[in-house]
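work.cif follows; it contains mmCIF, C-alpha atoms.
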```
data_target
loop_
_atom_site.label_atom_id
_atom_site.label_comp_id
_atom_site.auth_asym_id
_atom_site.auth_seq_id
_atom_site.Cartn_x
_atom_site.Cartn_y
_atom_site.Cartn_z
CA MET A 30 32.46 -13.06 -18.86
CA GLN A 31 32.01 -11.30 -15.51
CA SER A 32 28.73 -13.15 -15.00
CA LEU A 33 30.43 -16.47 -15.75
CA ILE A 34 33.19 -15.68 -13.26
CA SER A 35 30.57 -14.90 -10.59
CA ASP A 36 28.83 -18.21 -11.30
CA ILE A 37 32.11 -20.11 -10.95
CA ASP A 38 32.94 -18.32 -7.69
CA SER A 39 29.55 -19.27 -6.23
CA ILE A 40 30.08 -23.00 -6.85
CA ASP A 41 31.02 -24.82 -3.64
CA GLU A 42 34.37 -26.60 -3.76
CA ILE A 43 33.00 -29.62 -1.93
CA GLU A 44 29.49 -30.84 -1.15
CA VAL A 45 28.73 -30.65 2.56
CA PHE A 46 25.54 -32.30 3.72
CA GLY A 47 23.62 -33.46 6.74
CA ARG A 48 20.40 -35.35 7.40
CA VAL A 49 16.84 -34.47 8.38
CA LYS A 50 16.24 -35.56 11.96
CA THR A 51 12.70 -34.31 12.72
CA VAL A 52 9.85 -32.36 11.11
CA GLN A 53 7.47 -30.43 13.38
CA GLY A 54 4.83 -28.60 11.37
CA LEU A 55 6.85 -26.41 9.01
CA LEU A 56 10.00 -26.59 11.13
CA ILE A 57 12.64 -29.01 9.88
CA GLU A 58 15.49 -29.99 12.20
CA VAL A 59 18.72 -30.96 10.42
CA ILE A 60 21.89 -32.47 11.87
CA GLY A 61 25.17 -31.62 10.17
CA PRO A 62 28.77 -30.43 10.62
CA VAL A 63 28.91 -27.53 13.07
CA ARG A 64 31.32 -25.47 10.93
CA GLU A 65 28.74 -25.23 8.11
CA LEU A 66 25.77 -24.21 10.22
CA ARG A 67 25.03 -20.49 10.37
CA VAL A 68 21.89 -18.39 10.71
CA GLY A 69 20.72 -17.31 7.26
CA GLY A 70 22.50 -20.19 5.53
CA ARG A 71 20.74 -22.02 2.71
CA VAL A 72 19.95 -25.74 2.75
CA SER A 73 18.65 -27.90 -0.09
CA ILE A 74 16.74 -30.99 1.07
CA GLU A 75 16.30 -33.92 -1.32
CA THR A 76 12.71 -35.14 -0.94
CA GLN A 77 11.40 -38.64 -1.42
CA SER A 78 10.16 -37.74 -4.93
CA GLY A 79 13.64 -36.66 -6.02
CA SER A 80 12.91 -32.91 -5.98
CA HIS A 81 14.83 -30.37 -3.92
CA LEU A 82 13.26 -28.21 -1.22
CA ALA A 83 15.08 -24.95 -0.49
CA CYS A 84 15.25 -23.97 3.20
CA GLU A 85 16.90 -21.35 5.35
CA ILE A 86 18.53 -21.86 8.74
CA ILE A 87 16.75 -19.61 11.21
CA GLY A 88 18.24 -20.85 14.49
CA PHE A 89 19.66 -23.73 16.49
CA ARG A 90 18.47 -26.04 19.25
CA ASP A 91 20.35 -28.89 20.97
CA GLY A 92 23.02 -28.97 18.26
CA LEU A 93 20.46 -29.12 15.42
CA ALA A 94 19.86 -26.54 12.70
CA LEU A 95 16.28 -25.26 12.69
CA CYS A 96 15.20 -24.75 9.08
CA LEU A 97 12.09 -23.25 7.51
CA PRO A 98 11.18 -24.19 3.93
CA PHE A 99 10.53 -21.87 0.99
CA GLY A 100 7.91 -24.34 -0.29
CA PRO A 101 5.61 -27.14 0.92
CA VAL A 102 7.19 -29.84 3.10
CA GLU A 103 5.34 -32.76 1.47
CA GLY A 104 7.79 -35.52 0.59
CA VAL A 105 10.35 -34.69 3.31
CA ARG A 106 11.08 -37.78 5.40
CA LEU A 107 13.39 -38.77 8.22
CA GLY A 108 16.98 -39.06 7.01
CA CYS A 109 16.58 -37.02 3.81
CA LYS A 110 19.87 -35.60 2.54
CA ALA A 111 20.30 -31.89 3.33
CA VAL A 112 23.01 -30.12 1.32
CA PHE A 113 24.46 -26.92 2.84
CA ALA A 114 25.17 -24.11 0.39
CA GLY A 115 28.29 -22.00 0.74
CA HIS A 116 26.35 -18.77 0.07
CA ASP A 117 23.26 -17.12 1.56
CA GLY A 118 21.46 -16.24 -1.67
CA ALA A 119 21.94 -13.39 -4.11
CA VAL A 120 20.36 -11.98 -7.27
CA TYR A 121 21.89 -10.57 -10.43
CA PRO A 122 19.64 -7.64 -11.40
CA HIS A 123 19.57 -6.24 -14.95
CA ASN A 124 17.94 -3.21 -16.54
CA GLY A 125 16.00 -5.64 -18.73
CA TRP A 126 13.89 -6.59 -15.70
CA LEU A 127 11.87 -3.39 -16.14
CA GLY A 128 8.29 -4.16 -17.13
CA ARG A 129 8.41 -7.66 -15.65
CA VAL A 130 6.61 -9.47 -12.83
CA ILE A 131 8.80 -11.76 -10.72
CA ASN A 132 8.52 -13.86 -7.57
CA ALA A 133 10.54 -13.67 -4.36
CA GLU A 134 13.29 -15.83 -5.86
CA GLY A 135 13.82 -13.46 -8.79
CA GLN A 136 12.12 -15.74 -11.33
CA PRO A 137 9.63 -14.43 -13.92
CA ILE A 138 5.97 -15.31 -13.33
CA ASP A 139 4.42 -13.23 -16.12
CA GLY A 140 4.80 -15.87 -18.83
CA GLY A 141 7.50 -13.87 -20.62
CA ALA A 142 11.04 -14.74 -21.65
CA PRO A 143 13.68 -15.68 -19.06
CA LEU A 144 15.14 -12.71 -17.22
CA MET A 145 18.46 -11.32 -18.39
CA ARG A 146 21.24 -11.82 -15.88
CA GLY A 147 23.33 -8.94 -14.60
CA THR A 148 27.05 -9.09 -13.98
CA SER A 149 27.16 -8.11 -10.30
CA PRO A 150 25.54 -10.06 -7.44
CA TYR A 151 23.37 -8.21 -4.93
CA THR A 152 22.76 -9.86 -1.57
CA LEU A 153 19.15 -9.84 -0.39
CA ARG A 154 19.88 -8.62 3.14
CA ASN A 155 22.18 -5.67 2.56
CA ILE A 156 22.93 -3.42 5.49
CA PRO A 157 21.77 0.20 5.23
CA LEU A 158 24.22 2.82 4.01
CA PRO A 159 26.18 4.60 6.77
CA ALA A 160 24.20 7.62 7.94
CA HIS A 161 27.18 10.02 7.79
CA GLU A 162 27.92 9.13 4.15
CA ARG A 163 24.42 9.67 2.83
CA ALA A 164 23.26 12.73 0.95
CA ARG A 165 20.40 14.80 2.35
CA VAL A 166 16.89 14.39 1.00
CA GLY A 167 16.33 16.26 -2.25
CA GLY A 168 13.67 18.70 -3.35
CA PRO A 169 9.92 18.05 -3.59
CA ILE A 170 8.94 15.04 -5.65
CA ASP A 171 5.77 15.22 -7.73
CA LEU A 172 3.46 12.35 -6.70
CA GLY A 173 0.66 13.41 -9.08
CA VAL A 174 -1.91 13.17 -6.26
CA ARG A 175 -3.28 16.62 -5.44
CA CYS A 176 -3.90 16.33 -1.70
CA LEU A 177 -0.50 14.70 -1.05
CA ASN A 178 1.45 17.17 -3.18
CA THR A 179 -0.19 20.05 -1.35
CA PHE A 180 -0.73 18.97 2.25
CA ALA A 181 1.88 16.18 2.70
CA THR A 182 4.61 17.17 0.26
CA CYS A 183 7.17 14.38 -0.15
CA CYS A 184 10.85 14.96 -0.93
CA ASP A 185 13.18 12.93 -3.11
CA GLY A 186 14.63 10.18 -0.89
CA GLN A 187 11.96 10.45 1.82
CA ARG A 188 10.21 7.44 3.39
CA MET A 189 6.46 7.68 3.97
CA GLY A 190 3.92 5.25 5.38
CA ILE A 191 0.36 4.83 4.11
CA PHE A 192 -1.80 3.68 7.04
CA ALA A 193 -5.24 2.25 6.30
CA GLY A 194 -7.65 -0.54 7.13
CA SER A 195 -8.73 -3.14 4.59
CA GLY A 196 -10.93 -1.98 1.72
CA VAL A 197 -10.22 1.74 2.15
CA GLY A 198 -8.40 2.20 -1.18
CA LYS A 199 -4.69 1.57 -0.55
CA SER A 200 -4.19 -0.37 -3.77
CA VAL A 201 -5.86 2.28 -5.92
CA LEU A 202 -3.75 5.01 -4.29
CA MET A 203 -0.62 2.90 -4.86
CA SER A 204 -1.47 2.53 -8.55
CA MET A 205 -1.97 6.29 -8.87
CA LEU A 206 1.41 6.91 -7.24
CA ALA A 207 3.15 4.29 -9.40
CA ARG A 208 1.76 5.82 -12.61
CA ASN A 209 2.09 9.49 -11.74
CA THR A 210 5.19 9.93 -9.57
CA ASP A 211 8.03 11.75 -11.32
CA VAL A 212 10.81 9.14 -10.97
CA ASP A 213 12.99 7.04 -13.27
CA VAL A 214 12.04 3.59 -11.96
CA SER A 215 9.31 2.12 -9.76
CA VAL A 216 9.93 -1.08 -7.77
CA ILE A 217 6.68 -2.46 -6.36
CA GLY A 218 6.52 -5.28 -3.84
CA LEU A 219 3.18 -7.03 -3.27
CA ILE A 220 3.75 -8.89 -0.02
CA GLY A 221 1.13 -11.44 1.08
CA GLU A 222 -1.42 -10.19 -1.47
CA ARG A 223 -4.56 -12.08 -2.43
CA GLY A 224 -3.86 -14.03 -5.60
CA ARG A 225 -6.98 -12.61 -7.27
CA GLU A 226 -5.86 -9.02 -6.73
CA VAL A 227 -2.39 -9.36 -8.24
CA GLN A 228 -3.51 -9.53 -11.86
CA GLU A 229 -6.12 -6.83 -11.26
CA PHE A 230 -3.50 -4.48 -9.84
CA ILE A 231 -1.06 -5.10 -12.70
CA SER A 232 -3.45 -4.99 -15.67
CA GLU A 233 -6.23 -2.65 -14.53
CA GLN A 234 -4.78 -0.30 -11.91
CA LEU A 235 -1.11 -0.09 -12.84
CA GLY A 236 -1.75 -0.53 -16.55
CA GLU A 237 0.60 -0.70 -19.52
CA GLU A 238 1.87 2.84 -18.97
CA GLY A 239 2.76 2.19 -15.34
CA MET A 240 4.50 -1.12 -16.12
CA LYS A 241 6.93 0.44 -18.60
CA LYS A 242 9.16 1.79 -15.86
CA ALA A 243 8.26 -0.68 -13.10
CA ILE A 244 9.24 -4.05 -11.69
CA VAL A 245 6.61 -5.91 -9.66
CA ILE A 246 7.66 -8.49 -7.05
CA VAL A 247 4.86 -10.81 -5.92
CA ALA A 248 4.50 -13.17 -2.96
CA THR A 249 0.87 -14.18 -2.42
CA SER A 250 -0.68 -14.97 0.96
CA ASP A 251 -0.57 -18.75 0.39
CA GLU A 252 3.23 -18.79 0.03
CA SER A 253 5.54 -19.60 2.92
CA ALA A 254 6.59 -17.02 5.49
CA LEU A 255 10.15 -17.11 4.13
CA MET A 256 8.94 -16.32 0.61
CA ARG A 257 6.83 -13.40 1.84
CA ARG A 258 9.73 -12.01 3.86
CA GLN A 259 12.18 -12.53 1.02
CA ALA A 260 9.86 -10.67 -1.40
CA ALA A 261 10.30 -7.58 0.80
CA TYR A 262 14.08 -8.02 0.85
CA LEU A 263 14.17 -8.48 -2.94
CA THR A 264 12.04 -5.36 -3.47
CA MET A 265 14.53 -3.29 -1.51
CA THR A 266 17.51 -4.96 -3.19
CA LEU A 267 16.26 -4.08 -6.69
CA ALA A 268 15.61 -0.50 -5.57
CA GLU A 269 19.23 -0.34 -4.36
CA TYR A 270 20.46 -1.68 -7.69
CA PHE A 271 18.83 1.13 -9.67
CA ARG A 272 19.85 3.68 -7.02
CA ASP A 273 23.48 2.66 -7.50
CA GLN A 274 23.08 3.52 -11.19
CA GLY A 275 22.23 7.10 -10.24
CA LYS A 276 18.48 6.75 -10.84
CA ARG A 277 15.66 8.24 -8.82
CA VAL A 278 13.74 5.19 -7.61
CA LEU A 279 10.25 4.88 -6.13
CA CYS A 280 10.10 1.82 -3.86
CA MET A 281 6.54 0.81 -2.93
CA MET A 282 5.64 -2.07 -0.65
CA ASP A 283 2.18 -3.41 0.16
CA SER A 284 2.30 -4.17 2.97
CA LEU A 285 4.71 -3.89 5.88
CA THR A 286 2.11 -5.52 8.11
CA ARG A 287 2.29 -8.75 6.13
CA PHE A 288 6.09 -8.60 6.23
CA ALA A 289 5.81 -8.32 10.02
CA MET A 290 3.34 -11.23 10.10
CA ALA A 291 5.78 -13.38 8.11
CA GLN A 292 8.57 -12.51 10.53
CA ARG A 293 6.24 -13.31 13.40
CA GLU A 294 5.66 -16.82 12.00
CA ILE A 295 9.41 -17.31 11.66
CA GLY A 296 10.15 -16.03 15.17
CA LEU A 297 7.45 -18.11 16.86
CA ALA A 298 8.60 -21.23 14.98
CA ILE A 299 11.97 -21.12 16.76
CA GLY A 300 10.44 -20.40 20.14
CA GLU A 301 10.79 -16.62 20.48
CA PRO A 302 8.56 -15.19 23.21
CA PRO A 303 5.49 -13.37 21.89
CA THR A 304 5.23 -9.77 23.06
CA ALA A 305 2.83 -7.05 21.83
CA LYS A 306 -0.13 -8.72 20.09
CA GLY A 307 1.93 -11.88 19.64
CA TYR A 308 4.78 -10.21 17.72
CA PRO A 309 8.21 -11.47 18.87
CA PRO A 310 11.14 -9.08 19.39
CA THR A 311 12.78 -9.84 16.02
CA VAL A 312 9.84 -8.19 14.23
CA PHE A 313 10.76 -4.84 15.74
CA THR A 314 14.42 -5.49 14.94
CA GLU A 315 13.85 -6.37 11.28
CA LEU A 316 11.51 -3.45 10.50
CA PRO A 317 14.16 -0.70 10.87
CA ARG A 318 16.78 -2.86 9.13
CA LEU A 319 14.49 -3.10 6.13
CA LEU A 320 13.20 0.48 6.09
CA GLU A 321 16.57 2.16 6.67
CA ARG A 322 17.76 0.74 3.36
CA ALA A 323 15.50 3.24 1.60
CA GLY A 324 16.36 6.92 1.45
CA PRO A 325 19.05 9.08 -0.16
CA GLY A 326 22.06 7.31 -1.60
CA LEU A 327 25.70 8.30 -1.31
CA ARG A 328 26.60 11.80 -2.40
CA ASN A 329 26.30 12.29 -6.18
CA SER A 330 24.31 9.05 -6.56
CA GLY A 331 20.64 8.15 -6.92
CA SER A 332 17.96 7.88 -4.25
CA VAL A 333 15.19 5.56 -3.09
CA THR A 334 11.91 7.26 -2.19
CA GLY A 335 9.94 4.77 -0.10
CA LEU A 336 6.16 4.53 0.17
CA PHE A 337 5.09 1.67 2.43
CA THR A 338 1.55 0.65 3.28
CA VAL A 339 0.56 -0.50 6.76
CA LEU A 340 -2.64 -2.53 7.12
CA VAL A 341 -3.99 -1.40 10.49
CA GLU A 342 -5.96 -4.13 12.23
CA GLY A 343 -9.50 -3.13 13.16
CA ASP A 344 -8.79 0.45 11.99
CA ASP A 345 -6.63 0.86 15.09
CA HIS A 346 -3.88 3.26 14.04
CA ASN A 347 -2.04 2.72 17.34
CA GLU A 348 -1.60 -1.05 17.09
CA PRO A 349 2.04 -2.25 17.57
CA ILE A 350 3.19 -2.44 13.93
CA ALA A 351 1.62 0.89 12.95
CA ASP A 352 3.12 2.53 16.02
CA ALA A 353 6.60 1.10 15.37
CA VAL A 354 6.59 2.02 11.66
CA ARG A 355 5.37 5.54 12.36
CA GLY A 356 8.42 6.08 14.56
CA ILE A 357 10.84 4.83 11.89
CA LEU A 358 9.57 6.63 8.78
CA ASP A 359 9.75 10.30 7.78
CA GLY A 360 6.01 10.83 7.74
CA HIS A 361 2.65 9.10 7.53
CA ILE A 362 -0.43 9.28 5.31
CA VAL A 363 -3.63 8.31 7.11
CA MET A 364 -6.56 6.88 5.14
CA GLU A 365 -9.91 6.65 6.95
CA ARG A 366 -12.91 4.41 6.35
CA ALA A 367 -15.38 7.21 7.22
CA ILE A 368 -14.03 9.34 4.37
CA ALA A 369 -14.24 6.43 1.93
CA GLU A 370 -17.81 5.69 3.03
CA ARG A 371 -18.93 9.16 2.05
CA GLY A 372 -17.47 8.66 -1.42
CA ARG A 373 -14.34 10.81 -1.43
CA TYR A 374 -11.27 9.11 -2.89
CA PRO A 375 -8.44 8.94 -2.12
CA ALA A 376 -9.80 8.71 1.43
CA ILE A 377 -6.89 10.63 3.01
CA ASN A 378 -7.32 12.57 6.22
CA VAL A 379 -4.90 15.43 5.56
CA LEU A 380 -5.24 16.79 9.10
CA ARG A 381 -3.82 13.55 10.52
CA SER A 382 -1.20 13.10 7.79
CA VAL A 383 2.30 14.44 8.35
CA SER A 384 5.39 14.84 6.17
CA ARG A 385 8.41 15.52 8.39
CA THR A 386 10.40 17.11 5.55
CA MET A 387 7.54 19.33 4.38
CA PRO A 388 8.29 22.56 6.30
CA GLY A 389 11.57 23.01 4.45
CA CYS A 390 10.31 22.25 0.94
CA VAL A 391 7.10 24.31 0.64
CA PRO A 392 7.56 27.65 -1.20
CA GLU A 393 7.61 30.48 1.31
CA ASP A 394 4.97 32.52 -0.52
CA PHE A 395 2.51 29.59 -0.37
CA ARG A 396 2.86 28.80 3.34
CA PRO A 397 0.20 31.31 4.51
CA THR A 398 -2.30 29.80 2.04
CA LEU A 399 -1.56 26.30 3.26
CA THR A 400 -1.83 27.35 6.90
CA LYS A 401 -5.16 29.06 6.26
CA ALA A 402 -6.56 26.00 4.42
CA ARG A 403 -5.54 23.67 7.26
CA GLU A 404 -7.05 26.02 9.81
CA LEU A 405 -10.39 26.15 7.99
CA MET A 406 -10.51 22.36 7.57
CA SER A 407 -9.70 21.94 11.26
CA VAL A 408 -12.46 24.39 12.24
CA TYR A 409 -14.98 22.49 10.10
CA ALA A 410 -13.85 19.13 11.52
CA ASP A 411 -14.32 20.43 15.09
CA MET A 412 -17.84 21.68 14.34
CA GLU A 413 -18.85 18.99 11.83
CA GLU A 414 -21.19 17.09 14.12
CA LEU A 415 -23.07 20.23 15.19
CA ILE A 416 -23.31 21.39 11.57
CA ARG A 417 -24.76 18.08 10.39
CA LEU A 418 -27.29 18.06 13.24
CA GLY A 419 -28.35 21.61 12.41
CA ALA A 420 -27.35 22.82 15.88
CA TYR A 421 -25.01 25.53 14.56
CA ARG A 422 -26.62 28.91 13.84
CA LYS A 423 -25.15 30.79 10.89
CA GLY A 424 -23.46 34.05 11.91
CA SER A 425 -22.37 32.82 15.34
CA ASP A 426 -18.71 32.64 14.29
CA PRO A 427 -17.29 34.17 11.05
CA LYS A 428 -14.53 31.55 10.91
CA VAL A 429 -17.01 28.67 11.11
CA ASP A 430 -19.20 30.37 8.48
CA ARG A 431 -16.27 30.58 6.09
CA ALA A 432 -15.26 26.99 6.81
CA ILE A 433 -18.82 25.88 5.94
CA ALA A 434 -18.79 27.93 2.74
CA LEU A 435 -15.44 26.51 1.63
CA SER A 436 -16.05 22.91 2.67
CA PRO A 437 -17.57 21.67 -0.65
CA ALA A 438 -14.77 23.23 -2.70
CA LEU A 439 -12.06 21.85 -0.39
CA GLU A 440 -13.65 18.38 -0.45
CA ALA A 441 -13.65 18.51 -4.25
CA PHE A 442 -9.99 19.60 -4.17
CA LEU A 443 -9.01 16.66 -1.92
CA GLY A 444 -10.85 14.14 -4.11
CA GLN A 445 -9.30 12.91 -7.35
CA ARG A 446 -10.15 10.32 -10.01
CA SER A 447 -7.72 7.44 -10.34
CA ASP A 448 -6.95 8.44 -13.95
CA GLU A 449 -6.39 12.11 -13.09
CA ARG A 450 -2.99 13.73 -12.47
CA THR A 451 -2.19 17.10 -10.88
CA ASN A 452 1.34 18.45 -10.50
CA ILE A 453 2.60 20.37 -7.48
CA ALA A 454 2.35 23.86 -8.98
CA ASP A 455 -1.21 23.33 -10.25
CA GLY A 456 -2.27 22.04 -6.83
CA TYR A 457 -0.87 25.13 -5.10
CA ASN A 458 -2.57 27.47 -7.59
CA LEU A 459 -5.92 25.68 -7.36
CA LEU A 460 -5.93 25.81 -3.57
CA ALA A 461 -5.00 29.51 -3.59
CA THR A 462 -7.83 30.22 -6.05
CA ILE A 463 -10.36 28.45 -3.83
CA LEU A 464 -9.38 30.53 -0.80
CA GLU A 465 -9.26 33.81 -2.74
CA THR A 466 -12.52 33.53 -4.66
CA MET A 467 -14.74 31.90 -2.06
CA GLY A 468 -15.52 33.67 1.18
CA GLY A 469 -12.75 36.26 1.31
CA GLU A 470 -10.59 36.59 4.43
CA ALA A 471 -11.89 35.42 7.79
#
```

Would you write out, as structure tokens, the structure that this file holds?
Amino acid sequence: MQSLISDIDSIDEIEVFGRVKTVQGLLIEVIGPVRELRVGGRVSIETQSGSHLACEIIGFRDGLALCLPFGPVEGVRLGCKAVFAGHDGAVYPHNGWLGRVINAEGQPIDGGAPLMRGTSPYTLRNIPLPAHERARVGGPIDLGVRCLNTFATCCDGQRMGIFAGSGVGKSVLMSMLARNTDVDVSVIGLIGERGREVQEFISEQLGEEGMKKAIVIVATSDESALMRRQAAYLTMTLAEYFRDQGKRVLCMMDSLTRFAMAQREIGLAIGEPPTAKGYPPTVFTELPRLLERAGPGLRNSGSVTGLFTVLVEGDDHNEPIADAVRGILDGHIVMERAIAERGRYPAINVLRSVSRTMPGCVPEDFRPTLTKARELMSVYADMEELIRLGAYRKGSDPKVDRAIALSPALEAFLGQRSDERTNIADGYNLLATILETMGGEA
């Protein structure tokens, strides 16, 4: 009954419409009554074939509404009827969506039954919770990945970025995290993915076990910029829905770079000035609005732990999007091509990876072990080139000698098969054993 009431409330009392005046590329200019035109408003354009093309108002120019379509513009002609909706779009999430694959509009694309409809509407562009009303981040969360649990420990409700170039293993790491992380629900957004990789990720990497407690939202690279952006909003909205039920939610998004690219297309279409690497100012406005929605919920409620990938262009970890995201999130995981090329997966550089909540969540009795391991890895990294060239003479420095002796064992510790899982306690114990049994104290 509540769902029926919500449906009735969303029906417009009268039909308000305008007309298509011009079409420039993907930008559709619509003339209509001023009182119905608002940024973010939805418009349904009747095409020549009789179908309806959904659009969103993204700005105004010379008294016209500038609209971008959610689909192809074929069939839109001068004078087409454009009906203005009285709402800006919402979804009705339901617990029955678990295990399903949906698109940016909240429709199933996995060939299964229609999705069950919840009773309460959730708007796609919610504002973040007030900072002073939020709970603090919780205790350590078990990611199941040894090097992250040990060297970049993540807390419940934390937001972390995974920074990597193309082909370095982000998707495999994401699948490991989705399967192994100790949470109630996983919400996974694939933003601008290659169509070929979607099915591979779902069936081979995520697998049946990972899908049981997950929802996957997909917007492939061939879809419109609005669809790719909306897929990110929907991913966060569904995470908020389960958080409001008191659940511990893992929200994963691949990738923020493609979300930024979609926003760049939208901004440039309405004439925003391009700034750093062609990204308009709204990109750097929308990123924090999206990312701040993740994190701890209200006191005595659930939480959203966010893991967001950033596709760094040309392996440049200081490009504008990577730099902006790094300043917003609570830590960053750096994956490097050189590590992947020598066959160690996941290809994470733990010396460059940082968890900002880690100092307060690592057991006090383990901190000396962790400090010693980092120190030895740093010593080896500083001397690595000389060691490989044979220019270092054994016995010159006891610390370097021990770092060389421990390097194979530490490399093996940092590597992990995609089907392997290690909890936090086992990772701590294994690292302590390596330092105690190999090489003694420096």

Enter the distance from atom CA of Arg450 of chain A to atom CA of Ala434 of chain A, in Å, rounded to one decimal. 26.1 Å

What's around Val72 of chain A at 12 Å? Count only C-alpha atoms, leave out sequence neighbours fewer than 2 positions away in its own chain, and write the answer as a ChimeraX atom specification. /A:44-49,57-61,65-70,74-75,81-87,94-99,109-118

Counting all atoms listed in the file, which residues of segment 122-200 of chain A sit at most 10 Å from some atom of segment 435-448 of chain A, and what is each one's closest atom pair with its distance in Å to one decimal, listed by chain and rising residue number, as CSV?
```
residue,atom,partner,partner_atom,distance
A:Val174,CA,A:Gln445,CA,7.5
A:Arg175,CA,A:Leu443,CA,6.7
A:Cys176,CA,A:Leu443,CA,5.1
A:Leu177,CA,A:Leu443,CA,8.8
A:Thr179,CA,A:Leu443,CA,9.5
A:Phe180,CA,A:Leu443,CA,9.6
```

Let me see the file: selected residues, C-alpha atoms, as an mmCIF file, in the frame of the given file.
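Saved the output as result_37.cif:
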```cif
data_model
loop_
_atom_site.group_PDB
_atom_site.id
_atom_site.type_symbol
_atom_site.label_atom_id
_atom_site.label_comp_id
_atom_site.auth_asym_id
_atom_site.auth_seq_id
_atom_site.Cartn_x
_atom_site.Cartn_y
_atom_site.Cartn_z
ATOM 1 C CA VAL A 174 -1.910 13.170 -6.260
ATOM 2 C CA ARG A 175 -3.280 16.620 -5.440
ATOM 3 C CA CYS A 176 -3.900 16.330 -1.700
ATOM 4 C CA LEU A 177 -0.500 14.700 -1.050
ATOM 5 C CA THR A 179 -0.190 20.050 -1.350
ATOM 6 C CA PHE A 180 -0.730 18.970 2.250
#
```

Hey, what's within 12 Å of Arg165 of chain A if we count only C-alpha atoms and toss same-chain stuff fewer than 5 positions away? As an NGL selection string, please? :A and (160 or 184-187 or 324-333 or 386)

May I have the residues at most 10 Å from (4.0, 21.5, 3.2) in the file's coordinates, counting only C-alpha atoms, as a PyMOL selection string? chain A and resi 169+177-183+383-393+395-396+399-400

With only C-alpha atoms as the counted atoms, please give the residues lying no more than 10 Å from Ile357 of chain A, apart from itself and same-chain residues fewer than 2 positions off, as a ChimeraX atom specification. /A:188-190,316-317,320-321,352-355,359-360

Kindly provide, as AutoDock Vina command-line options, the centre and edge lengths (Å, one decimal) of an axis-aligned box around all atoms of segment 45-49 of chain A given in the file, with 6 Å on each side.
```
--center_x 22.8 --center_y -33.0 --center_z 5.5 --size_x 23.9 --size_y 16.7 --size_z 17.8
```

In Å, how far is it from atom CA of Leu405 of chain A to atom CA of Arg417 of chain A?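 Atom-to-atom, atom CA of Leu405 of chain A and atom CA of Arg417 of chain A are spaced 16.7 Å apart.
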
Run the PyMOL selection byres ((chain A and resi 255) around 9) on the file and write out the hits as a VMD selection string. chain A and resid 84 to 85 97 to 100 252 to 254 256 to 260 291 to 292 295

Extract, using all atoms listed in the file, all DNA, RNA and protein residues at most 12 Å from Asp344 of chain A, discarding same-chain residues fewer than 4 positions from it, and format them as a count of residues only. 15

Segment 49-60 of chain A written out with N, CA and C atoms as a PDB file, in the first residue's frame:
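Everything below was put into decode_27.pdb:
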```
ATOM      1  N   VAL A  49      11.129  20.928 -28.795  1.00  0.00           N
ATOM      2  CA  VAL A  49      12.545  20.919 -29.149  1.00  0.00           C
ATOM      3  C   VAL A  49      12.803  22.040 -30.149  1.00  0.00           C
ATOM      4  N   LYS A  50      13.791  22.888 -29.847  1.00  0.00           N
ATOM      5  CA  LYS A  50      14.097  23.993 -30.747  1.00  0.00           C
ATOM      6  C   LYS A  50      15.323  23.699 -31.601  1.00  0.00           C
ATOM      7  N   THR A  51      16.403  23.181 -30.986  1.00  0.00           N
ATOM      8  CA  THR A  51      17.601  22.834 -31.756  1.00  0.00           C
ATOM      9  C   THR A  51      18.247  21.588 -31.165  1.00  0.00           C
ATOM     10  N   VAL A  52      19.049  20.913 -32.000  1.00  0.00           N
ATOM     11  CA  VAL A  52      19.871  19.788 -31.558  1.00  0.00           C
ATOM     12  C   VAL A  52      21.287  20.031 -32.072  1.00  0.00           C
ATOM     13  N   GLN A  53      22.243  20.121 -31.157  1.00  0.00           N
ATOM     14  CA  GLN A  53      23.644  20.339 -31.515  1.00  0.00           C
ATOM     15  C   GLN A  53      24.469  19.200 -30.917  1.00  0.00           C
ATOM     16  N   GLY A  54      24.830  18.243 -31.764  1.00  0.00           N
ATOM     17  CA  GLY A  54      25.518  17.057 -31.256  1.00  0.00           C
ATOM     18  C   GLY A  54      24.600  16.295 -30.328  1.00  0.00           C
ATOM     19  N   LEU A  55      24.997  16.140 -29.074  1.00  0.00           N
ATOM     20  CA  LEU A  55      24.142  15.474 -28.089  1.00  0.00           C
ATOM     21  C   LEU A  55      23.311  16.469 -27.285  1.00  0.00           C
ATOM     22  N   LEU A  56      23.542  17.754 -27.485  1.00  0.00           N
ATOM     23  CA  LEU A  56      22.840  18.773 -26.706  1.00  0.00           C
ATOM     24  C   LEU A  56      21.522  19.130 -27.378  1.00  0.00           C
ATOM     25  N   ILE A  57      20.447  19.024 -26.616  1.00  0.00           N
ATOM     26  CA  ILE A  57      19.107  19.324 -27.120  1.00  0.00           C
ATOM     27  C   ILE A  57      18.598  20.564 -26.398  1.00  0.00           C
ATOM     28  N   GLU A  58      18.221  21.595 -27.178  1.00  0.00           N
ATOM     29  CA  GLU A  58      17.684  22.811 -26.585  1.00  0.00           C
ATOM     30  C   GLU A  58      16.160  22.770 -26.673  1.00  0.00           C
ATOM     31  N   VAL A  59      15.517  22.994 -25.513  1.00  0.00           N
ATOM     32  CA  VAL A  59      14.061  22.879 -25.412  1.00  0.00           C
ATOM     33  C   VAL A  59      13.500  24.198 -24.903  1.00  0.00           C
ATOM     34  N   ILE A  60      12.423  24.662 -25.525  1.00  0.00           N
ATOM     35  CA  ILE A  60      11.716  25.846 -25.058  1.00  0.00           C
ATOM     36  C   ILE A  60      10.477  25.394 -24.308  1.00  0.00           C
TER      37      ILE A  60
END
```
